[in-house]
Amino acid sequence: MKNVRAILCTWAALLMLLALTIGASFAPLGPVLPFVSYSIAIAKTALIVWLFMEMKTRDGLQRLAFATGFVWLFFLFTLTFVDELTRSWIGH
Amino acid sequence: MAEARAVQPQFPTLERQNDADHLGMLIFLATEVLIFGGLFAAAFTLRIEHSAQYAMASRAMHYWLGGINTAVLLTSSALVALMVEAVRAGRARLAGWLLGGAIALGLVFLGVKVTEYAIEYRDGVVPKLSAANLHGGPHELFMELYFAGTGLHALHVTIGLCLLGSLLWPFGRARRDRTAVLAGNAALYWHLVDIVWVFLYPTLYLAR
């Protein structure tokens, strides 16, 4: 049971990040809000993946297998945004 | 877990077999990331195309219900992580109690979700079924995405609860397997369900 402390600290950090993301959504951030929201979501995911899913102690092959999903997700988002965010440039 | 832990003929050692079991689960979870990824890409597109209406639709959501559910799932995930530790330490009984707690919180999540759907039905913002208060196309698209996203997620929560429940029965012996192969894989699935919600929450509830 050597990781109990780490798990409880992670849990506390996750709840603090949740409070932070709710608080930030009420702050007058305007167009910056999505960047703040998703940065916090990525931080939470990093904590869950690294400590709860134990990527910290897994070997390279297992880390790579899980990372592939996010790599393809990155392609999907990049290509989507390349289209969506540049439509106004050609007077769409 | 005697027969399940036997080394199958294609593996030279039990350790290799356990690694392969985890690897298979992680590859499956990578595909799950992509299933939800499509829904998020659709949500981002809608948000870029109709920023004002998207924010308006999101402000109408019950963010505190979503917030409670986020806390519930994060806590449930922590209990499952502790459960895996307990299994490794050979404390099957403690692991059983932690599983019970995690499952109870998962059921609370589904209960809150159903309550929220009922409130939305009453508010008249459910496309097709009770659409009295939907304001235009983007609002309807937002609510369709909301029901598709949270509905698919709720399905995953249900499957996750079945997986966790299977460690109580019929695979209760898995809790005495100190390599925690089955318990660890069920835990991985539950954590992924948690991660999906971590992104669904700001996407649907906190866009202002």
# chains A, B, ... in the order shown; residues from 1 in each chain; ligands from 1
call {"tool": "select_by_dssp", "arguments": {"residues": "chain A", "states": "alpha helix (DSSP H)", "output": "PyMOL selection string"}}
result
chain A and resi 4-26+33-47+60-84
call {"tool": "residues_around", "arguments": {"residues": "stretch 170-176 of chain B", "least_positions_apart": "3", "cutoff": "12 Å", "atoms": "only C-alpha atoms", "output": "ChimeraX atom specification"}}
result
/B:1-5,83-99,162-167,179-186
call {"tool": "interface_residues", "arguments": {"of": "chain A", "to": "chain B", "cutoff": "9 Å", "atoms": "only C-alpha atoms", "output": "PyMOL selection string"}}
result
chain A and resi 1-4+7-8+10-11+14-15+18-19+21-22+24-26+30+33-34+37-38+41-42+44-45+48-49+51-54+61-63+65-70+72-73+76-77+80-81+84-85
call {"tool": "write_last_selection", "arguments": {"atoms": "N, CA and C atoms", "output": "compact mmCIF listing (two decimals), in the first residue's frame"}}
result
# COMPACT_ATOMS: atom_id res chain seq x y z
N MET A 1 0.85 -1.20 0.00
CA MET A 1 0.00 0.00 0.00
C MET A 1 0.88 1.25 0.00
N LYS A 2 2.00 1.19 -0.72
CA LYS A 2 2.98 2.29 -0.62
C LYS A 2 2.55 3.54 -1.38
N ASN A 3 1.59 3.38 -2.31
CA ASN A 3 1.21 4.54 -3.11
C ASN A 3 -0.03 5.27 -2.60
N VAL A 4 -0.53 4.87 -1.43
CA VAL A 4 -1.78 5.44 -0.91
C VAL A 4 -1.68 6.96 -0.80
N ILE A 7 -1.84 8.64 -4.14
CA ILE A 7 -3.20 8.60 -4.71
C ILE A 7 -4.08 9.65 -4.04
N LEU A 8 -3.99 9.77 -2.71
CA LEU A 8 -4.82 10.75 -2.00
C LEU A 8 -4.43 12.18 -2.37
N THR A 10 -3.12 13.09 -5.24
CA THR A 10 -3.62 13.29 -6.60
C THR A 10 -5.10 13.63 -6.58
N TRP A 11 -5.84 12.89 -5.76
CA TRP A 11 -7.29 13.11 -5.64
C TRP A 11 -7.57 14.55 -5.18
N LEU A 14 -6.84 16.95 -7.96
CA LEU A 14 -7.89 16.90 -8.99
C LEU A 14 -9.10 17.72 -8.57
N LEU A 15 -9.49 17.61 -7.30
CA LEU A 15 -10.66 18.37 -6.83
C LEU A 15 -10.35 19.87 -6.81
N LEU A 18 -10.69 21.06 -10.27
CA LEU A 18 -12.12 21.16 -10.62
C LEU A 18 -12.68 22.49 -10.13
N ALA A 19 -12.36 22.85 -8.87
CA ALA A 19 -12.83 24.13 -8.31
C ALA A 19 -12.29 25.28 -9.15
N THR A 21 -11.39 25.28 -12.34
CA THR A 21 -12.00 25.38 -13.68
C THR A 21 -13.40 25.97 -13.60
N ILE A 22 -14.15 25.64 -12.53
CA ILE A 22 -15.48 26.24 -12.36
C ILE A 22 -15.33 27.73 -12.09
N ALA A 24 -12.83 29.69 -12.93
CA ALA A 24 -12.33 30.39 -14.12
C ALA A 24 -13.45 30.66 -15.12
N SER A 25 -14.46 29.77 -15.16
CA SER A 25 -15.53 29.96 -16.15
C SER A 25 -16.38 31.18 -15.82
N PHE A 26 -16.32 31.65 -14.55
CA PHE A 26 -17.08 32.85 -14.17
C PHE A 26 -16.23 34.11 -14.26
N GLY A 30 -13.29 36.05 -21.43
CA GLY A 30 -13.63 36.20 -22.84
C GLY A 30 -13.11 35.06 -23.69
N LEU A 33 -11.00 31.97 -22.28
CA LEU A 33 -11.58 30.93 -21.42
C LEU A 33 -11.36 29.50 -21.92
N PRO A 34 -11.63 29.20 -23.23
CA PRO A 34 -11.42 27.81 -23.66
C PRO A 34 -9.99 27.33 -23.43
N SER A 37 -9.74 26.58 -19.71
CA SER A 37 -10.52 25.37 -19.41
C SER A 37 -9.80 24.11 -19.85
N TYR A 38 -9.32 24.13 -21.12
CA TYR A 38 -8.71 22.91 -21.63
C TYR A 38 -7.30 22.69 -21.07
N ALA A 41 -8.11 20.91 -17.98
CA ALA A 41 -8.55 19.54 -18.29
C ALA A 41 -7.35 18.66 -18.64
N ILE A 42 -6.39 19.24 -19.39
CA ILE A 42 -5.19 18.47 -19.76
C ILE A 42 -4.35 18.18 -18.52
N LYS A 44 -5.51 17.80 -15.46
CA LYS A 44 -6.22 16.72 -14.75
C LYS A 44 -5.94 15.38 -15.40
N THR A 45 -6.01 15.36 -16.75
CA THR A 45 -5.78 14.11 -17.48
C THR A 45 -4.37 13.61 -17.23
N ILE A 48 -4.30 11.92 -13.89
CA ILE A 48 -5.00 10.62 -13.91
C ILE A 48 -4.17 9.58 -14.66
N VAL A 49 -3.66 9.98 -15.85
CA VAL A 49 -2.90 9.04 -16.67
C VAL A 49 -1.60 8.62 -15.97
N LEU A 51 -0.60 8.90 -12.67
CA LEU A 51 -0.63 8.29 -11.34
C LEU A 51 -1.73 7.25 -11.15
N PHE A 52 -2.97 7.55 -11.62
CA PHE A 52 -4.04 6.56 -11.46
C PHE A 52 -3.88 5.40 -12.44
N MET A 53 -3.55 5.74 -13.70
CA MET A 53 -3.39 4.69 -14.71
C MET A 53 -1.97 4.13 -14.69
N GLU A 54 -1.15 4.63 -13.80
CA GLU A 54 0.19 4.09 -13.51
C GLU A 54 1.14 4.11 -14.70
N LEU A 61 6.60 0.36 -24.22
CA LEU A 61 5.64 -0.17 -25.18
C LEU A 61 4.21 0.13 -24.74
N GLN A 62 3.94 -0.03 -23.45
CA GLN A 62 2.59 0.22 -22.95
C GLN A 62 2.25 1.71 -23.02
N ARG A 63 3.22 2.55 -22.70
CA ARG A 63 2.99 4.00 -22.81
C ARG A 63 2.69 4.38 -24.25
N ALA A 65 1.50 2.47 -26.64
CA ALA A 65 0.19 1.95 -27.08
C ALA A 65 -0.91 2.92 -26.68
N PHE A 66 -0.85 3.43 -25.47
CA PHE A 66 -1.89 4.34 -25.01
C PHE A 66 -1.77 5.70 -25.70
N ALA A 67 -0.53 6.13 -25.94
CA ALA A 67 -0.31 7.45 -26.55
C ALA A 67 -0.81 7.50 -27.99
N THR A 68 -0.84 6.35 -28.68
CA THR A 68 -1.26 6.37 -30.10
C THR A 68 -2.64 7.01 -30.26
N GLY A 69 -3.55 6.71 -29.33
CA GLY A 69 -4.89 7.28 -29.41
C GLY A 69 -4.83 8.80 -29.46
N PHE A 70 -3.99 9.38 -28.61
CA PHE A 70 -3.89 10.84 -28.54
C PHE A 70 -3.17 11.41 -29.75
N TRP A 72 -3.40 10.23 -32.88
CA TRP A 72 -4.40 10.31 -33.95
C TRP A 72 -5.42 11.40 -33.66
N LEU A 73 -5.72 11.58 -32.38
CA LEU A 73 -6.64 12.65 -31.98
C LEU A 73 -6.05 14.01 -32.36
N LEU A 76 -6.58 14.57 -35.99
CA LEU A 76 -7.99 14.90 -36.24
C LEU A 76 -8.26 16.37 -35.93
N PHE A 77 -7.79 16.83 -34.76
CA PHE A 77 -8.04 18.21 -34.35
C PHE A 77 -7.28 19.20 -35.24
N THR A 80 -9.02 19.46 -38.55
CA THR A 80 -10.30 20.15 -38.38
C THR A 80 -10.09 21.65 -38.25
N PHE A 81 -9.13 22.04 -37.42
CA PHE A 81 -8.90 23.47 -37.17
C PHE A 81 -8.29 24.16 -38.39
N GLU A 84 -11.43 24.86 -40.34
CA GLU A 84 -12.38 25.77 -39.70
C GLU A 84 -11.82 27.19 -39.49
N LEU A 85 -10.59 27.27 -39.03
CA LEU A 85 -10.05 28.57 -38.63
C LEU A 85 -9.54 29.39 -39.81
call {"tool": "atom_distance", "arguments": {"atom1": "atom CA of B:Ala60", "atom2": "atom CA of B:Thr158"}}
result
26.6 Å
call {"tool": "atom_distance", "arguments": {"atom1": "atom CA of B:Arg178", "atom2": "atom CA of B:Gly101"}}
result
20.7 Å
call {"tool": "residues_around", "arguments": {"residues": "stretch 105-109 of chain B", "least_positions_apart": "2", "cutoff": "7 Å", "atoms": "only C-alpha atoms", "output": "list in words"}}
result
Asn69, Val72, Leu73, Ser76, Gly101, Ala102, Ile103, Gly111, Val112, Lys113 and Leu161 of chain B
call {"tool": "atom_distance", "arguments": {"atom1": "atom CA of B:Ala131", "atom2": "atom CA of B:Gly149"}}
result
18.6 Å
